[in-house]
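**Q** Input file: protein.pdb. Contents: PDB, C-alpha atoms.
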MODEL        1
ATOM      1  CA  MET A  27      32.127 -55.055  32.613
ATOM      2  CA  GLN A  28      34.419 -52.413  34.028
ATOM      3  CA  MET A  29      32.477 -49.487  35.352
ATOM      4  CA  THR A  30      34.299 -46.284  34.694
ATOM      5  CA  GLU A  31      31.915 -44.176  36.710
ATOM      6  CA  VAL A  32      29.821 -45.139  39.674
ATOM      7  CA  GLN A  33      26.576 -43.248  39.941
ATOM      8  CA  TYR A  34      25.008 -43.175  43.336
ATOM      9  CA  VAL A  35      21.332 -42.691  43.699
ATOM     10  CA  ARG A  36      21.024 -39.862  46.159
ATOM     11  CA  SER A  37      17.767 -40.386  47.891
ATOM     12  CA  ARG A  38      16.276 -38.146  50.482
ATOM     13  CA  TRP A  39      16.508 -39.015  54.119
ATOM     14  CA  PHE A  40      13.704 -41.095  55.536
ATOM     15  CA  GLU A  41      12.538 -38.071  57.489
ATOM     16  CA  ASP A  42      12.153 -35.981  54.339
ATOM     17  CA  ILE A  43       9.862 -38.319  52.398
ATOM     18  CA  PRO A  44       6.211 -37.447  53.032
ATOM     19  CA  VAL A  45       3.381 -39.957  53.141
ATOM     20  CA  GLY A  46       0.931 -39.169  50.362
ATOM     21  CA  GLU A  47       3.541 -37.969  47.894
ATOM     22  CA  PHE A  48       2.553 -39.162  44.404
ATOM     23  CA  HIS A  49       4.792 -39.578  41.367
ATOM     24  CA  VAL A  50       4.182 -40.372  37.711
ATOM     25  CA  PHE A  51       7.690 -41.541  37.055
ATOM     26  CA  GLY A  52       7.875 -43.056  33.611
ATOM     27  CA  THR A  53       6.300 -44.578  30.541
ATOM     28  CA  HIS A  54       7.367 -47.472  28.370
ATOM     29  CA  THR A  55       6.085 -48.984  25.136
ATOM     30  CA  PHE A  56       6.586 -52.738  24.915
ATOM     31  CA  SER A  57       7.692 -53.899  21.486
ATOM     32  CA  GLU A  58       7.196 -57.427  20.241
ATOM     33  CA  ARG A  59      10.965 -57.825  20.087
ATOM     34  CA  ASP A  60      11.370 -56.710  23.711
ATOM     35  CA  ILE A  61       8.679 -59.081  24.872
ATOM     36  CA  LEU A  62      10.139 -62.058  23.051
ATOM     37  CA  ASP A  63      13.704 -61.213  24.084
ATOM     38  CA  PHE A  64      12.818 -60.938  27.755
ATOM     39  CA  SER A  65      10.717 -64.051  27.571
ATOM     40  CA  SER A  66      13.493 -66.115  26.059
ATOM     41  CA  ARG A  67      16.150 -64.862  28.469
ATOM     42  CA  TYR A  68      14.229 -64.566  31.720
ATOM     43  CA  GLY A  69      10.702 -65.820  31.145
ATOM     44  CA  SER A  70       9.111 -69.141  31.919
ATOM     45  CA  ASP A  71       7.188 -69.797  28.744
ATOM     46  CA  HIS A  72       9.750 -71.329  26.440
ATOM     47  CA  SER A  73       7.219 -71.700  23.659
ATOM     48  CA  GLN A  74       7.086 -67.917  23.445
ATOM     49  CA  SER A  75      10.628 -67.418  22.260
ATOM     50  CA  ALA A  76      12.120 -65.483  19.411
ATOM     51  CA  ASP A  77      13.201 -68.564  17.483
ATOM     52  CA  ILE A  78       9.652 -69.528  16.670
ATOM     53  CA  PRO A  79       9.086 -68.596  13.012
ATOM     54  CA  ARG A  80       7.267 -65.348  12.630
ATOM     55  CA  THR A  81       4.558 -66.987  10.577
ATOM     56  CA  ALA A  82       3.804 -69.191  13.528
ATOM     57  CA  ARG A  83       3.925 -66.290  15.984
ATOM     58  CA  ILE A  84       1.659 -63.744  14.426
ATOM     59  CA  HIS A  85      -1.521 -65.475  15.408
ATOM     60  CA  ARG A  86      -0.280 -66.323  18.860
ATOM     61  CA  ASN A  87      -1.244 -64.721  22.045
ATOM     62  CA  ILE A  88       1.990 -62.860  22.771
ATOM     63  CA  ILE A  89       2.022 -61.133  26.120
ATOM     64  CA  ALA A  90       4.847 -59.797  28.237
ATOM     65  CA  SER A  91       6.290 -62.010  30.967
ATOM     66  CA  GLU A  92       5.070 -61.025  34.390
ATOM     67  CA  TRP A  93       8.577 -60.068  35.560
ATOM     68  CA  HIS A  94       9.207 -58.083  32.378
ATOM     69  CA  VAL A  95       6.457 -55.665  33.382
ATOM     70  CA  VAL A  96       8.061 -55.332  36.809
ATOM     71  CA  ALA A  97      11.634 -55.101  35.486
ATOM     72  CA  ILE A  98      10.601 -52.072  33.427
ATOM     73  CA  TRP A  99       9.156 -50.571  36.627
ATOM     74  CA  MET A 100      12.605 -50.950  38.175
ATOM     75  CA  ARG A 101      14.416 -49.459  35.197
ATOM     76  CA  LEU A 102      12.120 -46.444  35.077
ATOM     77  CA  MET A 103      12.393 -46.018  38.848
ATOM     78  CA  VAL A 104      16.189 -45.999  38.778
ATOM     79  CA  ALA A 105      16.183 -43.528  35.899
ATOM     80  CA  TYR A 106      13.730 -41.324  37.747
ATOM     81  CA  MET A 107      15.774 -41.375  40.923
ATOM     82  CA  ASN A 108      18.897 -40.557  38.951
ATOM     83  CA  ARG A 109      17.142 -37.566  37.428
ATOM     84  CA  LEU A 110      16.456 -36.316  40.924
ATOM     85  CA  THR A 111      20.088 -36.517  41.929
ATOM     86  CA  THR A 112      22.393 -33.580  41.938
ATOM     87  CA  HIS A 113      25.601 -35.519  41.303
ATOM     88  CA  ILE A 114      26.473 -35.411  44.963
ATOM     89  CA  ASN A 115      28.163 -38.655  45.911
ATOM     90  CA  ASP A 116      27.838 -38.174  49.623
ATOM     91  CA  GLY A 117      27.588 -41.845  50.443
ATOM     92  CA  ARG A 118      23.878 -41.950  50.931
ATOM     93  CA  ARG A 119      22.226 -44.918  49.312
ATOM     94  CA  ASN A 120      18.739 -45.444  48.128
ATOM     95  CA  GLY A 121      17.037 -48.241  49.893
ATOM     96  CA  ALA A 122      17.182 -51.863  49.097
ATOM     97  CA  GLY A 123      13.897 -53.674  48.697
ATOM     98  CA  VAL A 124      12.771 -55.762  51.651
ATOM     99  CA  CYS A 125       9.473 -57.238  50.561
ATOM    100  CA  ILE A 126       6.509 -56.783  48.277
ATOM    101  CA  ALA A 127       2.828 -57.370  48.891
ATOM    102  CA  ASN A 128      -0.448 -57.393  47.017
ATOM    103  CA  LEU A 129       1.270 -57.882  43.692
ATOM    104  CA  GLY A 130      -1.171 -58.430  40.878
ATOM    105  CA  TRP A 131      -0.894 -58.634  37.115
ATOM    106  CA  LEU A 132      -4.399 -57.511  36.282
ATOM    107  CA  GLU A 133      -4.356 -57.319  32.493
ATOM    108  CA  PRO A 134      -2.046 -58.693  29.806
ATOM    109  CA  VAL A 135       0.605 -56.415  28.310
ATOM    110  CA  ARG A 136       0.847 -56.947  24.559
ATOM    111  CA  PRO A 137       3.183 -55.685  21.839
ATOM    112  CA  GLY A 138       2.604 -51.982  21.272
ATOM    113  CA  HIS A 139       1.088 -51.333  24.674
ATOM    114  CA  THR A 140       2.321 -48.271  26.534
ATOM    115  CA  LEU A 141       2.375 -48.317  30.322
ATOM    116  CA  THR A 142       2.535 -45.322  32.626
ATOM    117  CA  TYR A 143       4.041 -46.121  36.014
ATOM    118  CA  THR A 144       3.095 -44.352  39.232
ATOM    119  CA  TYR A 145       3.902 -44.637  42.909
ATOM    120  CA  GLU A 146       2.579 -43.112  46.073
ATOM    121  CA  ILE A 147       4.244 -43.131  49.471
ATOM    122  CA  THR A 148       1.686 -44.830  51.694
ATOM    123  CA  ALA A 149       3.410 -45.545  54.995
ATOM    124  CA  LYS A 150       6.574 -45.047  57.012
ATOM    125  CA  LYS A 151       7.738 -47.383  59.744
ATOM    126  CA  PRO A 152      10.078 -45.487  62.032
ATOM    127  CA  LYS A 153      11.532 -48.594  63.675
ATOM    128  CA  LEU A 154      15.295 -48.325  63.309
ATOM    129  CA  ILE A 155      17.078 -51.088  61.363
ATOM    130  CA  ARG A 156      20.823 -51.577  61.898
ATOM    131  CA  ASN A 157      20.857 -48.132  63.448
ATOM    132  CA  LYS A 158      20.729 -46.596  59.979
ATOM    133  CA  TRP A 159      17.543 -47.397  58.088
ATOM    134  CA  SER A 160      13.786 -47.339  58.355
ATOM    135  CA  ILE A 161      11.116 -48.656  56.026
ATOM    136  CA  ILE A 162       9.163 -46.659  53.450
ATOM    137  CA  ARG A 163       6.139 -48.301  51.837
ATOM    138  CA  SER A 164       4.848 -47.256  48.444
ATOM    139  CA  HIS A 165       1.888 -48.282  46.334
ATOM    140  CA  ASN A 166       2.791 -48.789  42.698
ATOM    141  CA  GLU A 167       0.650 -49.053  39.590
ATOM    142  CA  ALA A 168       1.088 -49.321  35.854
ATOM    143  CA  ILE A 169      -1.718 -48.043  33.624
ATOM    144  CA  ASN A 170      -2.000 -48.943  29.939
ATOM    145  CA  GLN A 171      -3.094 -46.720  27.075
ATOM    146  CA  TYR A 172      -6.712 -47.708  27.649
ATOM    147  CA  GLY A 173      -6.623 -46.489  31.223
ATOM    148  CA  GLU A 174      -6.631 -50.013  32.626
ATOM    149  CA  CYS A 175      -4.496 -50.791  35.640
ATOM    150  CA  VAL A 176      -2.336 -53.738  34.534
ATOM    151  CA  LEU A 177       0.069 -53.998  37.463
ATOM    152  CA  THR A 178      -0.241 -53.137  41.126
ATOM    153  CA  PHE A 179       1.922 -53.810  44.157
ATOM    154  CA  ASP A 180       3.183 -52.426  47.420
ATOM    155  CA  VAL A 181       6.885 -52.467  48.179
ATOM    156  CA  ASP A 182       8.824 -51.847  51.375
ATOM    157  CA  ILE A 183      12.256 -50.334  50.904
ATOM    158  CA  LEU A 184      14.940 -49.194  53.290
ATOM    159  CA  ALA A 185      15.419 -45.461  53.489
ATOM    160  CA  GLU A 186      18.398 -44.028  55.275
ATOM    161  CA  ARG A 187      17.714 -42.044  58.419
ATOM    162  CA  ASN A 188      19.124 -38.593  58.842
ATOM    163  CA  PRO A 189      22.030 -39.190  61.219
ATOM    164  CA  ALA A 190      21.462 -35.765  62.746
ATOM    165  CA  GLY A 191      18.275 -37.057  64.308
ATOM    166  CA  LEU A 192      19.639 -40.347  65.592
ATOM    167  CA  SER A 193      21.103 -40.867  69.008
ATOM    168  CA  PRO A 194      24.552 -42.489  69.047
ATOM    169  CA  PRO A 195      24.484 -46.297  69.148
TER     170      PRO A 195
ATOM    171  CA  MET B   6      -6.184 -81.303  33.207
ATOM    172  CA  ALA B   7      -8.067 -82.539  36.173
ATOM    173  CA  SER B   8      -5.988 -85.672  36.313
ATOM    174  CA  HIS B   9      -2.767 -83.671  36.202
ATOM    175  CA  TRP B  10      -3.816 -81.537  39.099
ATOM    176  CA  GLN B  11      -4.923 -84.520  41.083
ATOM    177  CA  SER B  12      -1.337 -85.737  40.899
ATOM    178  CA  PHE B  13      -0.364 -82.710  42.980
ATOM    179  CA  LYS B  14      -0.748 -83.620  46.605
ATOM    180  CA  THR B  15      -1.684 -80.822  48.930
ATOM    181  CA  GLY B  16       1.077 -80.342  51.426
ATOM    182  CA  GLN B  17       3.666 -82.281  49.451
ATOM    183  CA  ILE B  18       6.897 -80.358  49.055
ATOM    184  CA  TYR B  19       8.259 -80.159  45.531
ATOM    185  CA  THR B  20      11.842 -79.179  44.708
ATOM    186  CA  THR B  21      13.006 -77.401  41.572
ATOM    187  CA  GLU B  22      16.215 -77.830  39.619
ATOM    188  CA  ARG B  23      19.197 -75.785  40.767
ATOM    189  CA  HIS B  24      20.620 -72.772  38.986
ATOM    190  CA  CYS B  25      23.978 -71.051  39.459
ATOM    191  CA  VAL B  26      23.909 -67.262  39.153
ATOM    192  CA  ALA B  27      27.008 -66.119  37.260
ATOM    193  CA  ARG B  28      28.587 -62.689  37.552
ATOM    194  CA  ALA B  29      27.923 -61.996  33.876
ATOM    195  CA  ASP B  30      24.238 -62.766  34.375
ATOM    196  CA  ILE B  31      23.987 -60.402  37.340
ATOM    197  CA  LEU B  32      25.686 -57.607  35.403
ATOM    198  CA  ALA B  33      23.653 -58.159  32.247
ATOM    199  CA  PHE B  34      20.320 -57.991  34.034
ATOM    200  CA  ALA B  35      21.366 -55.056  36.191
ATOM    201  CA  GLU B  36      22.701 -53.010  33.291
ATOM    202  CA  GLU B  37      19.427 -53.377  31.455
ATOM    203  CA  PHE B  38      16.842 -53.247  34.225
ATOM    204  CA  ASP B  39      18.303 -52.383  37.626
ATOM    205  CA  PRO B  40      21.435 -50.243  37.219
ATOM    206  CA  GLN B  41      22.178 -49.579  40.862
ATOM    207  CA  PRO B  42      25.720 -49.617  42.250
ATOM    208  CA  TYR B  43      25.359 -52.757  44.385
ATOM    209  CA  HIS B  44      24.305 -54.750  41.320
ATOM    210  CA  LEU B  45      27.007 -53.355  39.027
ATOM    211  CA  ASP B  46      30.150 -52.428  40.900
ATOM    212  CA  GLU B  47      32.070 -54.655  43.293
ATOM    213  CA  SER B  48      33.503 -51.940  45.508
ATOM    214  CA  ALA B  49      30.236 -50.040  45.718
ATOM    215  CA  ALA B  50      28.489 -53.289  46.568
ATOM    216  CA  GLN B  51      30.931 -54.071  49.354
ATOM    217  CA  ALA B  52      30.241 -50.691  50.868
ATOM    218  CA  SER B  53      26.490 -51.216  50.627
ATOM    219  CA  ILE B  54      24.111 -52.903  53.013
ATOM    220  CA  PHE B  55      24.543 -56.132  51.017
ATOM    221  CA  GLY B  56      28.296 -56.402  51.478
ATOM    222  CA  GLY B  57      29.031 -57.718  48.006
ATOM    223  CA  LEU B  58      27.957 -57.754  44.386
ATOM    224  CA  CYS B  59      24.484 -59.251  44.330
ATOM    225  CA  ALA B  60      21.696 -59.894  41.870
ATOM    226  CA  SER B  61      18.684 -57.673  41.415
ATOM    227  CA  GLY B  62      15.794 -59.000  43.440
ATOM    228  CA  TRP B  63      13.699 -58.931  40.276
ATOM    229  CA  GLN B  64      16.195 -61.111  38.472
ATOM    230  CA  ILE B  65      15.834 -63.612  41.300
ATOM    231  CA  CYS B  66      12.052 -63.420  40.983
ATOM    232  CA  ALA B  67      12.241 -64.182  37.260
ATOM    233  CA  LEU B  68      14.804 -66.914  37.701
ATOM    234  CA  THR B  69      12.997 -68.713  40.488
ATOM    235  CA  THR B  70       9.685 -68.410  38.654
ATOM    236  CA  ARG B  71      11.343 -70.087  35.690
ATOM    237  CA  LEU B  72      12.554 -72.926  37.906
ATOM    238  CA  LEU B  73       9.108 -73.246  39.453
ATOM    239  CA  ILE B  74       7.227 -73.376  36.158
ATOM    240  CA  ALA B  75       9.713 -75.863  34.700
ATOM    241  CA  ARG B  76       9.151 -78.142  37.685
ATOM    242  CA  ILE B  77       5.388 -77.874  37.354
ATOM    243  CA  LYS B  78       5.627 -78.712  33.667
ATOM    244  CA  ARG B  79       7.419 -81.922  34.578
ATOM    245  CA  GLU B  80       4.210 -82.950  36.320
ATOM    246  CA  GLY B  81       2.338 -82.466  33.067
ATOM    247  CA  ILE B  82       0.968 -79.015  33.778
ATOM    248  CA  PRO B  83       1.102 -76.745  30.718
ATOM    249  CA  ALA B  84       2.120 -73.096  30.615
ATOM    250  CA  ALA B  85       1.567 -71.232  33.840
ATOM    251  CA  ARG B  86       2.358 -67.787  35.148
ATOM    252  CA  TRP B  87       1.855 -65.775  38.279
ATOM    253  CA  LEU B  88      -1.481 -64.011  38.579
ATOM    254  CA  THR B  89      -0.857 -62.567  42.032
ATOM    255  CA  LEU B  90       1.742 -62.658  44.765
ATOM    256  CA  SER B  91       0.180 -61.704  48.047
ATOM    257  CA  SER B  92       3.619 -61.547  49.604
ATOM    258  CA  LEU B  93       7.236 -61.921  48.658
ATOM    259  CA  HIS B  94      10.264 -61.387  50.886
ATOM    260  CA  TRP B  95      13.901 -61.126  49.903
ATOM    261  CA  ASN B  96      15.552 -62.627  52.964
ATOM    262  CA  GLN B  97      19.177 -62.625  51.855
ATOM    263  CA  PRO B  98      21.089 -61.241  48.880
ATOM    264  CA  VAL B  99      22.112 -63.588  46.066
ATOM    265  CA  PHE B 100      25.823 -63.241  45.384
ATOM    266  CA  VAL B 101      27.990 -64.206  42.428
ATOM    267  CA  ASP B 102      28.044 -67.980  41.855
ATOM    268  CA  ASP B 103      25.308 -68.710  44.382
ATOM    269  CA  THR B 104      23.276 -71.743  43.360
ATOM    270  CA  LEU B 105      19.552 -71.447  43.956
ATOM    271  CA  HIS B 106      16.599 -73.738  44.129
ATOM    272  CA  LEU B 107      13.013 -73.485  45.319
ATOM    273  CA  GLN B 108      10.853 -75.688  47.442
ATOM    274  CA  PHE B 109       7.137 -75.206  47.026
ATOM    275  CA  ILE B 110       3.711 -76.552  47.791
ATOM    276  CA  ILE B 111       0.643 -76.250  45.611
ATOM    277  CA  ALA B 112      -2.997 -76.345  46.512
ATOM    278  CA  PRO B 113      -4.756 -77.726  43.438
ATOM    279  CA  PRO B 114      -7.574 -75.585  42.119
ATOM    280  CA  ALA B 115     -11.006 -76.313  43.459
ATOM    281  CA  ASP B 116     -12.505 -75.598  40.058
ATOM    282  CA  VAL B 117     -10.760 -77.594  37.366
ATOM    283  CA  SER B 118     -12.803 -76.374  34.446
ATOM    284  CA  PRO B 119     -10.960 -74.819  31.499
ATOM    285  CA  PRO B 120      -9.930 -72.498  30.015
ATOM    286  CA  SER B 121      -7.978 -71.092  32.947
ATOM    287  CA  LEU B 122      -7.200 -72.539  36.337
ATOM    288  CA  ILE B 123      -5.916 -70.847  39.440
ATOM    289  CA  ALA B 124      -3.841 -72.642  42.046
ATOM    290  CA  ALA B 125      -2.344 -71.341  45.286
ATOM    291  CA  CYS B 126       1.408 -71.785  45.629
ATOM    292  CA  ASP B 127       3.763 -71.117  48.536
ATOM    293  CA  PHE B 128       7.492 -71.219  47.919
ATOM    294  CA  THR B 129      10.825 -70.773  49.630
ATOM    295  CA  GLY B 130      14.153 -70.228  47.877
ATOM    296  CA  TYR B 131      17.500 -71.429  49.190
ATOM    297  CA  ASN B 132      21.116 -70.989  48.240
ATOM    298  CA  GLN B 133      23.776 -73.713  48.156
ATOM    299  CA  ASP B 134      24.325 -73.391  51.909
ATOM    300  CA  GLY B 135      20.665 -73.999  52.647
ATOM    301  CA  ILE B 136      20.159 -70.389  53.655
ATOM    302  CA  LYS B 137      16.732 -69.015  52.871
ATOM    303  CA  ILE B 138      17.044 -66.250  50.288
ATOM    304  CA  MET B 139      13.367 -65.644  49.564
ATOM    305  CA  ARG B 140       9.877 -66.770  50.340
ATOM    306  CA  GLY B 141       6.520 -65.959  48.874
ATOM    307  CA  SER B 142       2.918 -66.875  48.404
ATOM    308  CA  GLY B 143       0.681 -66.379  45.426
ATOM    309  CA  GLN B 144      -1.681 -67.636  42.787
ATOM    310  CA  LEU B 145      -0.648 -69.311  39.565
ATOM    311  CA  ILE B 146      -2.876 -69.096  36.518
ATOM    312  CA  ILE B 147      -2.720 -71.882  33.990
ATOM    313  CA  ASP B 148      -3.844 -71.256  30.456
ATOM    314  CA  THR B 149      -5.066 -74.576  29.226
ATOM    315  CA  HIS B 150      -4.795 -73.377  25.639
ATOM    316  CA  ALA B 151      -1.206 -72.241  25.849
ATOM    317  CA  SER B 152       0.547 -75.542  26.124
ATOM    318  CA  THR B 153       0.079 -77.431  22.931
ATOM    319  CA  HIS B 154      -0.915 -75.078  20.154
ATOM    320  CA  LEU B 155       1.383 -72.832  18.242
ATOM    321  CA  GLY B 156      -0.959 -71.443  15.648
ATOM    322  CA  ASP B 157      -4.386 -71.082  17.143
ATOM    323  CA  ALA B 158      -4.009 -70.025  20.741
ATOM    324  CA  ASP B 159      -5.426 -66.544  20.332
ATOM    325  CA  ASP B 160      -8.291 -65.915  22.687
TER     326      ASP B 160
ENDMDL
END
Once you've parsed the file, please lay out its structure as structure tokens.
**A**
Amino acid sequence: MQMTEVQYVRSRWFEDIPVGEFHVFGTHTFSERDILDFSSRYGSDHSQSADIPRTARIHRNIIASEWHVVAIWMRLMVAYMNRLTTHINDGRRNGAGVCIANLGWLEPVRPGHTLTYTYEITAKKPKLIRNKWSIIRSHNEAINQYGECVLTFDVDILAERNPAGLSPP
Amino acid sequence: MASHWQSFKTGQIYTTERHCVARADILAFAEEFDPQPYHLDESAAQASIFGGLCASGWQICALTTRLLIARIKREGIPAARWLTLSSLHWNQPVFVDDTLHLQFIIAPPADVSPPSLIAACDFTGYNQDGIKIMRGSGQLIIDTHASTHLGDADD
């Protein structure tokens, strides 16, 4: 696909992101179609695919693929970050993910369930990476309409340092 | 079930099938779930920390999980999914036309009683040059009902 417009996610500098900051950044309702589509394209359970006749499906235990629940986290996060931008393409990039930890799928996500996604900045590691980045850690959760936490994980991402505060290499 | 798990030898390294990641696949996943410049636009990607158009890390998670579960099924283990991942690292980006596979070890569950089993699994992903692109460690949960029934698997 030819992109006609490149949208940069303009994140804050590492220095400007406070530990303890908490965001409720999006909600998503999982439809049966979405769940089956993701499962057939990216999931592991081939028996849970859209080509199974509906009459055979309706009694089945349809739940969202584990990476579907996380992929929606990513989509909502990107949308949220884009909403915080001011259309300034100054070259700054949001951080790439480095690693995740303590990832748990605690409850099944079923058709019709609505998840609310949150994150909290929990740590900053000031060690300089490639003279440009440092690591921000956040704790992420998704809560369903019953108030149950269905997804939890911590992720380390690269956040760009404010060059004004860095000594020349 | 117990006999299937006993066929898994603790410490034995299993290898999945290989999968080539096409440009169209990277773009399709990124447009829907991870629309960031380095997953969508070649020039933006070259200017990024990755140095080229590369797949969303979550796409790689889903893809490698699919390879892993397919390999486990070949040993006679029915439907499985991740319950937890205590750690997962993306070591290197996955670029257009990279071909991936996983190597993994499984510790069979101590308790082999249905309906669900939990087994520890450590895995490492490689590209076609043998470069490590990811590694992780977690718990797989196996639903012993999910494998064979289409009509009566509701719990």
**Q** Mind pulling up the distance from CA of Glu80 (chain B) to CA of His94 (chain B)?
**A**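 CA of His94 (chain B) sits 26.7 Å away from CA of Glu80 (chain B).
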**Q** Using the chain letters and numbers from the file, give me the residues hit by the PyMOL selection byres ((chain B and resi 74) around 10), as a ChimeraX atom specification.
**A** /A:69-71 /B:21,69-73,75-79,82-87,145
**Q** Give as a CSV table (one decimal) with C-alpha atoms, in the coordinates of the input every residue of chain B that touches chain A within 6 Å, counting all atoms listed in the file.
**A**
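Result file follows (iface.csv):
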chain,number,residue,atom,x,y,z
B,38,PHE,CA,16.8,-53.2,34.2
B,39,ASP,CA,18.3,-52.4,37.6
B,67,ALA,CA,12.2,-64.2,37.3
B,71,ARG,CA,11.3,-70.1,35.7
B,88,LEU,CA,-1.5,-64.0,38.6
B,89,THR,CA,-0.9,-62.6,42.0
B,90,LEU,CA,1.7,-62.7,44.8
B,91,SER,CA,0.2,-61.7,48.0
B,92,SER,CA,3.6,-61.5,49.6
B,93,LEU,CA,7.2,-61.9,48.7
B,94,HIS,CA,10.3,-61.4,50.9
B,95,TRP,CA,13.9,-61.1,49.9
B,156,GLY,CA,-1.0,-71.4,15.6
B,158,ALA,CA,-4.0,-70.0,20.7
B,159,ASP,CA,-5.4,-66.5,20.3
**Q** May I have the residues at most 9 Å from (25.5, -53.3, 36.2) in the file's coordinates, counting all atoms listed in the file, as number ranges by chain?
**A** A: 27, 29; B: 31-46
**Q** Running the PyMOL selection byres ((chain B and resi 111-113) around 6) on this model by hand, what would come out? Give it as an MDAnalysis selection string.
**A** chainID B and resid 10 15 110 114 124:126
